[in-house]
Each structure stands twice: as C-alpha cells, then as structure tokens.
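Q: Here it is: the structure, laid out below.
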Amino acid sequence: MIDSLASRITLNNKTAIPAFGLGVFKVDTDMTAQNVEDAISAGYRLIDTAAIYGNETQTGIGIKLGLEKNGLKREDIFVTTKLWNKHISKEESLKAFDESLQKLNLDYIDLYLLHWPGQNEAYVEPWKALEEIYASGRTKAIGVSNFQIHHLEHLFTFAKVKPVLNQIEFHPYNTRKDLVEFCKQQDIVVQAWSPLMRGLVLNDETINKIAAKYHKTAAQIVLRWIIEKGLCLAVRSTKKERVISNADIFDFKLSAQDIALIDSLNKDERVGPDPDTYDF
C-alpha cells in the first residue's frame, strides 16, 4: 500500500522504488542543491534527474547535504538519472554513464533510464550498454522513458534484461490508457513525469470542484489520483512550501466516482514532445 513518502513499489527485478519523488527538470543549477536538500528533509526518498538537465552535479550536492542533515544513509535514497541517447554507440553510452556517476558523486545509481526512443532504433546500442552497466552492479535497475508500445515490443526482441520502468508524460489530460495497461501486463512500472502538466491542469473546473470537496489543493488531488491508479510519479517544484504541500496527500482517499471523473478529462494532450516523432 502506498501510504507515505517512504512507501515503495517493487520492480520486476525485486528492486523497490519510492512511489513519490522530486524531479529536477529545468531547475536552475543555482537552486538545485537546495531544492534536493529541502525535498529530502521533507521526507522525499526519490530524486529524479537526467544528463540533459545539466544539474547532476548540483543534484549530487543536494543529496549529500540532505543525507547529512537528516542522518540518512545512501541506501535510504533512490536516485534516478537518464542517458541522453542521441544516436550514440554502446561505448559512448558507457562513457556517459561514468560521467553521470561522477557528477552525482555516487558509488551507484538506483535506476538508469534511456531518455527517449528517438528515430531509427536509436535505443538499440544504448540499451546494450545499460545491460552491461546493470550486470556490473553500478546501477540497481534499468528502464526506459517515453517509450510507446511498439518501441517496447521491439526492445523485447533483443533485450536480455526487461526494463523495470517506463517514465512517461502522464496527467489528467493525457492518461495513456493503452500504454499503461500494456506496461502493467508486462510487469513494467509506469512513472509519471509532468504529472501536473506544468500547472496547466490546476485550473480545471472539475479538479477544483473535487479539491474543494476534500479540502485539498488541485495539485494534491491530481497527485493523489496518480498514486491511487498505482503509478509512480516525480513532481517538480522549487518552492520549499510547495515541495511540502505536494506530498501532503496521504491522509485521504479519492472515491471511485471522483477517480472516474478525473479519468474522463483525458484529451490526449501533451506538453512534451511526441515520442513517435521526436528525434532529440
């Protein structure tokens, strides 16, 4: 049961990932370390970054500060970063991992993801690199981000290790029902990025009516909805009070009717690129 920030979901390789975490996409480097430290102090145990974000070094500093401030051990925190697999070879992918590990100043990564599928099967050689890294023990799990069903089906034809997780754009206006169901059938956890649609869904009339009913914010309603659907999420906020508020979702449950109402808001609308056409 996901009933706190410490709650974890077991992945298909028996690694356990916190269901709720902080993402640092587009967080300025001069704010990242404090943002991460604040989140860890607020009880967050999942920190999600990526090579392309340009803030892995600062994320690592924030993790170190957060652990020291709160008397935590490295294994108390789950760290995800991602390979920017822009048509690169296996060897280049291995080098990119080493660079991320060094910037984060960690001995290992909990979860290493391919960031995008790209075009012309750009993920094939990078995935082979991820499998080698996983075999070495320097990452505890490997997965993908922004993969569609057909990308996953092709990956299965050559992969020796099944991805544990698929991180996708997921929010009330883009619920990806078929993809989520496919991942569930394949024992691949779905993790939502941009769960608040960069704030665009927070003005939705239906969501705000539900928020008033539960005496919660619109953001808290959306984040609770995602958790109750059995998904993981990484939510971004640089304001300490918002970091704390976003996580205040474990003292209530949405009714089945309200979950269905939010489900019905789907428009297949994105704020990020389309994985079928995006090529870095």
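Chain lettering (A, B, ...) mirrors the order of the structure tokens, residue numbering begins at 1 for each chain separately, and ligand numbering begins at 1 in order of display.
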Could you make a table, as CSV, of the residues of stretch 41-111 of chain A that have an atom within 8 Å of an atom of stretch 212-234 of chain A, each with its nearest atom pair and distance in Å to one decimal, counting only C-alpha atoms, in chain and number order?
A:
```
residue,atom,partner,partner_atom,distance
A:Leu46,CA,A:Ala234,CA,7.9
A:Ile47,CA,A:Ala234,CA,7.9
A:Asp48,CA,A:Ala234,CA,6.8
```
Q: Print the selection's residues with all heavy atoms to a file, as a compact mmCIF listing (two decimals), in the first residue's frame.
A:
```txt
# COMPACT_ATOMS: atom_id res chain seq x y z
N LEU A 46 12.92 9.72 -3.26
CA LEU A 46 13.23 9.52 -4.68
C LEU A 46 13.63 10.85 -5.30
O LEU A 46 12.88 11.83 -5.22
CB LEU A 46 12.01 8.96 -5.42
CG LEU A 46 12.05 8.98 -6.96
CD1 LEU A 46 13.16 8.09 -7.49
CD2 LEU A 46 10.71 8.56 -7.54
N ILE A 47 14.80 10.89 -5.91
CA ILE A 47 15.28 12.08 -6.60
C ILE A 47 15.53 11.70 -8.06
O ILE A 47 16.28 10.76 -8.35
CB ILE A 47 16.58 12.63 -5.97
CG1 ILE A 47 16.38 12.90 -4.46
CG2 ILE A 47 17.03 13.89 -6.70
CD1 ILE A 47 15.34 13.93 -4.13
N ASP A 48 14.92 12.43 -8.98
CA ASP A 48 14.98 12.11 -10.40
C ASP A 48 15.64 13.24 -11.19
O ASP A 48 15.17 14.37 -11.17
CB ASP A 48 13.55 11.88 -10.93
CG ASP A 48 13.52 11.52 -12.40
OD1 ASP A 48 13.66 12.43 -13.26
OD2 ASP A 48 13.35 10.33 -12.71
```
Q: Leaving out A:Arg8 and any residue of its chain fewer than 4 positions from it, which residues lie within 10 Å of it when counting only C-alpha atoms, given as a list in words?
A: Met1, Ile2, Asp3, Ser4, Thr15, Ala16, Ile17, Pro18, Ala19, Phe20, Arg45, Leu46 and Cys232 of chain A
Q: Name the closest residue to A:Gln167 among the candidates A:Lys26, A:Lys82, A:Arg198, A:Lys90; distances are taken between atoms, counting only C-alpha atoms.
A: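 Checking each of A:Lys26, A:Lys82, A:Arg198, A:Lys90 against A:Gln167, counting only C-alpha atoms, the winner is A:Lys82.
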Q: Using only C-alpha atoms, which of A:Trp193, A:Tyr112, A:Phe182, A:Tyr173 sits nearest A:His151?
A: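 Using only C-alpha atoms, the shortest distance to A:His151 belongs to A:Phe182.
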Q: When you count only C-alpha atoms, which of these residues is closest to A:Trp84: A:Val201, A:Leu261, A:Ile142, A:Leu113?
A: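 That would be A:Leu113, the residue with the smallest distance to A:Trp84.
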Q: Any chance you could tabulate, as JSON lines, the residues of stretch 95-130 of chain A at most 10 Å from stretch 60-72 of chain A with each one's nearest atom pair and distance in Å to one decimal, using only C-alpha atoms, in chain and rising number order?
A:
```
{"residue": "A:Ser100", "atom": "CA", "partner": "A:Gly60", "partner_atom": "CA", "distance": 9.9}
{"residue": "A:Leu101", "atom": "CA", "partner": "A:Gly60", "partner_atom": "CA", "distance": 9.3}
{"residue": "A:Gln102", "atom": "CA", "partner": "A:Gly60", "partner_atom": "CA", "distance": 9.2}
{"residue": "A:Lys103", "atom": "CA", "partner": "A:Gly60", "partner_atom": "CA", "distance": 6.9}
{"residue": "A:Leu104", "atom": "CA", "partner": "A:Gly60", "partner_atom": "CA", "distance": 4.1}
{"residue": "A:Asn105", "atom": "CA", "partner": "A:Gly60", "partner_atom": "CA", "distance": 5.9}
{"residue": "A:Leu106", "atom": "CA", "partner": "A:Gly60", "partner_atom": "CA", "distance": 7.4}
```
Q: List every residue of stretch 29-205 of chain A that DSSP, applied to the backbone of this structure, places in strand (DSSP E or B), and write the result as a PyMOL selection string.
A: chain A and resi 46-48+78-83+109+111-114+139+142-145+165-169+171+174+189-193
Q: I need the chosen residues saved as a short mmCIF file (atom, residue, chain, number, x, y, z; two decimals), in the first residue's frame, with N, CA, C and O atoms.
A:
```
data_model
loop_
_atom_site.label_atom_id
_atom_site.label_comp_id
_atom_site.auth_asym_id
_atom_site.auth_seq_id
_atom_site.Cartn_x
_atom_site.Cartn_y
_atom_site.Cartn_z
N LEU A 46 12.92 9.72 -3.26
CA LEU A 46 13.23 9.52 -4.68
C LEU A 46 13.63 10.85 -5.30
O LEU A 46 12.88 11.83 -5.22
N ILE A 47 14.80 10.89 -5.91
CA ILE A 47 15.28 12.08 -6.60
C ILE A 47 15.53 11.70 -8.06
O ILE A 47 16.28 10.76 -8.35
N ASP A 48 14.92 12.43 -8.98
CA ASP A 48 14.98 12.11 -10.40
C ASP A 48 15.64 13.24 -11.19
O ASP A 48 15.17 14.37 -11.17
N PHE A 78 16.68 6.89 -3.21
CA PHE A 78 16.63 6.26 -4.53
C PHE A 78 16.90 7.33 -5.58
O PHE A 78 16.18 8.32 -5.66
N VAL A 79 17.94 7.13 -6.37
CA VAL A 79 18.38 8.14 -7.34
C VAL A 79 18.21 7.61 -8.77
O VAL A 79 18.74 6.55 -9.11
N THR A 80 17.51 8.38 -9.57
CA THR A 80 17.34 8.06 -10.99
C THR A 80 18.04 9.11 -11.84
O THR A 80 17.92 10.30 -11.56
N THR A 81 18.77 8.68 -12.85
CA THR A 81 19.22 9.59 -13.88
C THR A 81 19.04 8.91 -15.23
O THR A 81 18.71 7.73 -15.31
N LYS A 82 19.26 9.68 -16.30
CA LYS A 82 18.90 9.19 -17.63
C LYS A 82 20.00 9.47 -18.64
O LYS A 82 20.67 10.51 -18.58
N LEU A 83 20.12 8.54 -19.57
CA LEU A 83 21.08 8.66 -20.67
C LEU A 83 20.45 9.43 -21.82
O LEU A 83 19.37 9.07 -22.29
N ILE A 109 24.02 4.09 -9.14
CA ILE A 109 22.73 4.70 -9.44
C ILE A 109 21.65 3.67 -9.17
O ILE A 109 21.83 2.49 -9.50
N LEU A 111 18.49 3.70 -10.48
CA LEU A 111 17.77 3.43 -11.72
C LEU A 111 18.34 4.29 -12.84
O LEU A 111 18.41 5.51 -12.71
N TYR A 112 18.72 3.63 -13.93
CA TYR A 112 19.28 4.33 -15.09
C TYR A 112 18.34 4.10 -16.27
O TYR A 112 18.01 2.96 -16.60
N LEU A 113 17.91 5.20 -16.89
CA LEU A 113 16.91 5.13 -17.95
C LEU A 113 17.46 5.62 -19.28
O LEU A 113 18.26 6.55 -19.33
N LEU A 114 16.96 5.03 -20.37
CA LEU A 114 17.10 5.64 -21.69
C LEU A 114 16.08 6.76 -21.76
O LEU A 114 14.90 6.54 -21.51
N THR A 139 24.44 0.10 -11.44
CA THR A 139 23.06 0.57 -11.33
C THR A 139 22.23 -0.62 -10.86
O THR A 139 22.49 -1.76 -11.26
N ILE A 142 17.46 -0.94 -14.57
CA ILE A 142 17.47 -0.18 -15.82
C ILE A 142 16.06 -0.12 -16.40
O ILE A 142 15.25 -1.03 -16.22
N GLY A 143 15.80 0.98 -17.09
CA GLY A 143 14.47 1.15 -17.68
C GLY A 143 14.51 2.14 -18.81
O GLY A 143 15.57 2.50 -19.32
N VAL A 144 13.33 2.59 -19.19
CA VAL A 144 13.19 3.49 -20.34
C VAL A 144 12.28 4.65 -19.97
O VAL A 144 11.58 4.64 -18.96
N SER A 145 12.30 5.64 -20.84
CA SER A 145 11.45 6.81 -20.68
C SER A 145 10.87 7.18 -22.03
O SER A 145 11.57 7.12 -23.05
N LEU A 165 10.85 -0.16 -15.64
CA LEU A 165 10.01 1.03 -15.52
C LEU A 165 9.99 1.80 -16.84
O LEU A 165 10.98 1.81 -17.58
N ASN A 166 8.86 2.43 -17.13
CA ASN A 166 8.72 3.33 -18.27
C ASN A 166 8.21 4.67 -17.74
O ASN A 166 7.09 4.75 -17.22
N GLN A 167 9.04 5.68 -17.83
CA GLN A 167 8.64 7.02 -17.35
C GLN A 167 8.04 7.79 -18.52
O GLN A 167 8.69 8.01 -19.54
N ILE A 168 6.77 8.18 -18.38
CA ILE A 168 6.05 8.81 -19.49
C ILE A 168 5.32 10.07 -19.03
O ILE A 168 5.05 10.26 -17.84
N GLU A 169 5.01 10.93 -20.00
CA GLU A 169 4.15 12.07 -19.69
C GLU A 169 2.76 11.53 -19.34
O GLU A 169 2.12 10.86 -20.14
N HIS A 171 -0.83 12.71 -17.05
CA HIS A 171 -1.60 13.67 -16.25
C HIS A 171 -3.06 13.55 -16.66
O HIS A 171 -3.39 12.79 -17.60
N ASN A 174 -3.76 13.53 -20.35
CA ASN A 174 -3.04 12.58 -21.18
C ASN A 174 -2.83 11.29 -20.38
O ASN A 174 -1.79 11.09 -19.77
N VAL A 189 6.64 -1.02 -14.37
CA VAL A 189 6.00 0.07 -13.62
C VAL A 189 5.98 1.34 -14.48
O VAL A 189 6.94 1.65 -15.19
N VAL A 190 4.87 2.04 -14.43
CA VAL A 190 4.76 3.33 -15.12
C VAL A 190 4.98 4.44 -14.11
O VAL A 190 4.41 4.44 -13.01
N GLN A 191 5.83 5.39 -14.49
CA GLN A 191 6.10 6.56 -13.65
C GLN A 191 5.73 7.80 -14.43
O GLN A 191 6.10 7.95 -15.60
N ALA A 192 4.99 8.69 -13.80
CA ALA A 192 4.50 9.90 -14.46
C ALA A 192 5.51 11.03 -14.36
O ALA A 192 5.99 11.34 -13.27
N TRP A 193 5.84 11.63 -15.52
CA TRP A 193 6.55 12.91 -15.49
C TRP A 193 5.57 13.99 -15.92
O TRP A 193 4.61 13.73 -16.62
#
```
Q: Write down as a PyMOL selection string the residues belonging to stretch 66-199 of chain A that are assigned alpha helix (DSSP H) by DSSP computed on the backbone.
A: chain A and resi 66-70+90-104+124-136+149-158+177-185
Q: Between atom CA of A:Pro195 and atom CA of A:Arg242, what distance in Å does the model show, to one decimal?
A: 14.4 Å
Q: With distances taken over only C-alpha atoms, which of A:Ile259, A:Asp98, A:Asp76, A:Val235 is nearest to A:Ala247?
A: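 Result for the nearest residue to A:Ala247: A:Val235.
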Q: At a cut-off of 12 Å, using only C-alpha atoms, what residues contact A:Lys14? Leave out same-chain residues fewer than 5 positions from it and give the result as a list of chain:residue names.
A: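 Everything that qualifies: A:Arg8, A:Ile9, A:Lys140, A:Ala141, A:Val164, A:Asp187, A:Ile188, A:Val189.
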Q: Could you tell me which of A:Lys95, A:Arg236, A:Lys253, A:Arg74 comes closest to A:Gly23 if we count only C-alpha atoms?
A: A:Arg236
Q: Which residues, written as an mmCIF file with all heavy atoms, in the first residue's frame, have at least one atom at most 12 Å from A:His150, with only C-alpha atoms counted and residues fewer than 3 positions away on the same chain left out?
A:
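Result file result.cif:
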```cif
data_model
loop_
_atom_site.group_PDB
_atom_site.id
_atom_site.type_symbol
_atom_site.label_atom_id
_atom_site.label_comp_id
_atom_site.auth_asym_id
_atom_site.auth_seq_id
_atom_site.Cartn_x
_atom_site.Cartn_y
_atom_site.Cartn_z
ATOM 1 N N PRO A 117 13.178 7.187 -27.058
ATOM 2 C CA PRO A 117 13.445 6.161 -28.070
ATOM 3 C C PRO A 117 14.127 6.720 -29.316
ATOM 4 O O PRO A 117 14.957 6.057 -29.931
ATOM 5 C CB PRO A 117 12.054 5.607 -28.398
ATOM 6 C CG PRO A 117 11.101 6.714 -28.041
ATOM 7 C CD PRO A 117 11.732 7.393 -26.856
ATOM 8 N N GLU A 121 15.574 3.384 -34.429
ATOM 9 C CA GLU A 121 16.039 2.445 -33.398
ATOM 10 C C GLU A 121 17.307 2.933 -32.698
ATOM 11 O O GLU A 121 18.251 2.178 -32.444
ATOM 12 C CB GLU A 121 16.244 1.060 -34.016
ATOM 13 C CG GLU A 121 14.950 0.498 -34.612
ATOM 14 C CD GLU A 121 15.137 -0.816 -35.346
ATOM 15 O OE1 GLU A 121 16.285 -1.293 -35.426
ATOM 16 O OE2 GLU A 121 14.133 -1.355 -35.843
ATOM 17 N N ASN A 146 9.598 7.488 -22.055
ATOM 18 C CA ASN A 146 8.914 7.948 -23.267
ATOM 19 C C ASN A 146 8.789 6.868 -24.343
ATOM 20 O O ASN A 146 8.645 7.179 -25.525
ATOM 21 C CB ASN A 146 9.632 9.175 -23.840
ATOM 22 C CG ASN A 146 9.680 10.320 -22.857
ATOM 23 O OD1 ASN A 146 8.647 10.804 -22.407
ATOM 24 N ND2 ASN A 146 10.891 10.725 -22.467
ATOM 25 N N PHE A 147 8.818 5.617 -23.955
ATOM 26 C CA PHE A 147 8.673 4.527 -24.914
ATOM 27 C C PHE A 147 7.191 4.224 -25.150
ATOM 28 O O PHE A 147 6.411 4.108 -24.204
ATOM 29 C CB PHE A 147 9.387 3.271 -24.430
ATOM 30 C CG PHE A 147 10.834 3.184 -24.846
ATOM 31 C CD1 PHE A 147 11.692 4.261 -24.668
ATOM 32 C CD2 PHE A 147 11.333 2.031 -25.416
ATOM 33 C CE1 PHE A 147 13.032 4.195 -25.046
ATOM 34 C CE2 PHE A 147 12.679 1.942 -25.811
ATOM 35 C CZ PHE A 147 13.523 3.032 -25.629
ATOM 36 N N GLU A 153 7.859 -3.307 -27.686
ATOM 37 C CA GLU A 153 7.767 -4.600 -28.373
ATOM 38 C C GLU A 153 9.047 -4.903 -29.144
ATOM 39 O O GLU A 153 9.518 -6.046 -29.155
ATOM 40 C CB GLU A 153 6.558 -4.609 -29.306
ATOM 41 C CG GLU A 153 5.221 -4.680 -28.568
ATOM 42 C CD GLU A 153 4.030 -4.612 -29.482
ATOM 43 O OE1 GLU A 153 4.134 -4.004 -30.579
ATOM 44 O OE2 GLU A 153 2.973 -5.161 -29.103
ATOM 45 N N HIS A 154 9.612 -3.873 -29.778
ATOM 46 C CA HIS A 154 10.867 -4.095 -30.487
ATOM 47 C C HIS A 154 12.008 -4.338 -29.507
ATOM 48 O O HIS A 154 12.870 -5.205 -29.738
ATOM 49 C CB HIS A 154 11.203 -2.906 -31.393
ATOM 50 C CG HIS A 154 12.511 -3.064 -32.108
ATOM 51 N ND1 HIS A 154 13.640 -2.331 -31.768
ATOM 52 C CD2 HIS A 154 12.893 -3.901 -33.099
ATOM 53 C CE1 HIS A 154 14.649 -2.699 -32.542
ATOM 54 N NE2 HIS A 154 14.229 -3.648 -33.357
ATOM 55 N N LEU A 155 12.029 -3.603 -28.413
ATOM 56 C CA LEU A 155 13.070 -3.802 -27.402
ATOM 57 C C LEU A 155 13.071 -5.248 -26.901
ATOM 58 O O LEU A 155 14.132 -5.848 -26.707
ATOM 59 C CB LEU A 155 12.841 -2.835 -26.238
ATOM 60 C CG LEU A 155 13.894 -2.826 -25.125
ATOM 61 C CD1 LEU A 155 15.188 -2.209 -25.615
ATOM 62 C CD2 LEU A 155 13.378 -2.087 -23.903
ATOM 63 N N PHE A 156 11.891 -5.819 -26.741
ATOM 64 C CA PHE A 156 11.790 -7.185 -26.237
ATOM 65 C C PHE A 156 12.431 -8.201 -27.188
ATOM 66 O O PHE A 156 12.791 -9.297 -26.766
ATOM 67 C CB PHE A 156 10.327 -7.579 -26.013
ATOM 68 C CG PHE A 156 9.610 -6.775 -24.961
ATOM 69 C CD1 PHE A 156 8.222 -6.694 -24.975
ATOM 70 C CD2 PHE A 156 10.300 -6.103 -23.963
ATOM 71 C CE1 PHE A 156 7.538 -5.968 -24.017
ATOM 72 C CE2 PHE A 156 9.628 -5.365 -22.992
ATOM 73 C CZ PHE A 156 8.244 -5.302 -23.024
ATOM 74 N N THR A 157 12.574 -7.847 -28.463
ATOM 75 C CA THR A 157 13.115 -8.804 -29.433
ATOM 76 C C THR A 157 14.623 -9.010 -29.281
ATOM 77 O O THR A 157 15.159 -10.008 -29.768
ATOM 78 C CB THR A 157 12.818 -8.369 -30.888
ATOM 79 O OG1 THR A 157 13.529 -7.145 -31.179
ATOM 80 C CG2 THR A 157 11.334 -8.180 -31.121
ATOM 81 N N ASP A 178 -3.945 2.736 -23.001
ATOM 82 C CA ASP A 178 -3.437 1.526 -23.655
ATOM 83 C C ASP A 178 -1.994 1.237 -23.253
ATOM 84 O O ASP A 178 -1.636 0.079 -22.988
ATOM 85 C CB ASP A 178 -3.531 1.662 -25.182
ATOM 86 C CG ASP A 178 -4.957 1.632 -25.686
ATOM 87 O OD1 ASP A 178 -5.851 1.248 -24.900
ATOM 88 O OD2 ASP A 178 -5.192 1.996 -26.852
ATOM 89 N N LEU A 179 -1.165 2.282 -23.212
ATOM 90 C CA LEU A 179 0.236 2.108 -22.850
ATOM 91 C C LEU A 179 0.374 1.675 -21.397
ATOM 92 O O LEU A 179 1.166 0.784 -21.075
ATOM 93 C CB LEU A 179 1.012 3.407 -23.095
ATOM 94 C CG LEU A 179 2.489 3.411 -22.699
ATOM 95 C CD1 LEU A 179 3.260 2.292 -23.396
ATOM 96 C CD2 LEU A 179 3.117 4.770 -23.011
ATOM 97 N N PHE A 182 -0.598 -1.940 -21.147
ATOM 98 C CA PHE A 182 0.433 -2.797 -21.732
ATOM 99 C C PHE A 182 1.592 -2.976 -20.755
ATOM 100 O O PHE A 182 2.079 -4.096 -20.556
ATOM 101 C CB PHE A 182 0.937 -2.194 -23.043
ATOM 102 C CG PHE A 182 2.029 -2.981 -23.711
ATOM 103 C CD1 PHE A 182 1.730 -4.056 -24.525
ATOM 104 C CD2 PHE A 182 3.361 -2.650 -23.514
ATOM 105 C CE1 PHE A 182 2.742 -4.800 -25.134
ATOM 106 C CE2 PHE A 182 4.382 -3.373 -24.119
ATOM 107 C CZ PHE A 182 4.067 -4.456 -24.935
ATOM 108 N N CYS A 183 2.042 -1.881 -20.166
ATOM 109 C CA CYS A 183 3.150 -1.950 -19.209
ATOM 110 C C CYS A 183 2.775 -2.809 -18.005
ATOM 111 O O CYS A 183 3.588 -3.615 -17.520
ATOM 112 C CB CYS A 183 3.564 -0.551 -18.770
ATOM 113 S SG CYS A 183 4.412 0.407 -20.043
ATOM 114 N N PRO A 275 6.771 11.044 -28.648
ATOM 115 C CA PRO A 275 7.877 10.075 -28.788
ATOM 116 C C PRO A 275 7.981 9.447 -30.179
ATOM 117 O O PRO A 275 9.056 8.960 -30.546
ATOM 118 C CB PRO A 275 7.530 9.010 -27.727
ATOM 119 C CG PRO A 275 6.684 9.720 -26.743
ATOM 120 C CD PRO A 275 5.874 10.702 -27.522
ATOM 121 N N ASP A 276 6.885 9.450 -30.933
ATOM 122 C CA ASP A 276 6.928 8.852 -32.262
ATOM 123 C C ASP A 276 7.574 9.747 -33.300
ATOM 124 O O ASP A 276 7.936 9.270 -34.375
ATOM 125 C CB ASP A 276 5.506 8.492 -32.718
ATOM 126 C CG ASP A 276 5.022 7.193 -32.081
ATOM 127 O OD1 ASP A 276 5.864 6.324 -31.810
ATOM 128 O OD2 ASP A 276 3.805 7.066 -31.854
#
```
Q: Excluding A:Ser93 and residues on its chain fewer than 5 positions from it, collect all residues at most 9 Å away from it, counting only C-alpha atoms, and give them as a list in words.
A: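 Near neighbours after the sequence-gap exclusion: Leu83, Trp84, Asn85, Ile88, Asp98, Glu125, Pro126, Trp127, Ala129 and Leu130 of chain A.
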Q: Since we have the selection now, will you write its residues out, keeping C-alpha atoms, as a short mmCIF file (atom, residue, chain, number, x, y, z; two decimals), in the first residue's frame?
A:
```cif
data_model
loop_
_atom_site.label_atom_id
_atom_site.label_comp_id
_atom_site.auth_asym_id
_atom_site.auth_seq_id
_atom_site.Cartn_x
_atom_site.Cartn_y
_atom_site.Cartn_z
CA LEU A 83 21.08 8.66 -20.67
CA TRP A 84 20.66 11.22 -23.43
CA ASN A 85 20.93 8.51 -26.10
CA ILE A 88 25.31 7.14 -29.75
CA ASP A 98 30.51 7.12 -15.98
CA GLU A 125 23.12 0.11 -28.76
CA PRO A 126 22.46 2.28 -25.69
CA TRP A 127 20.22 -0.44 -24.24
CA ALA A 129 25.22 -0.57 -22.67
CA LEU A 130 22.61 -0.32 -19.92
#
```
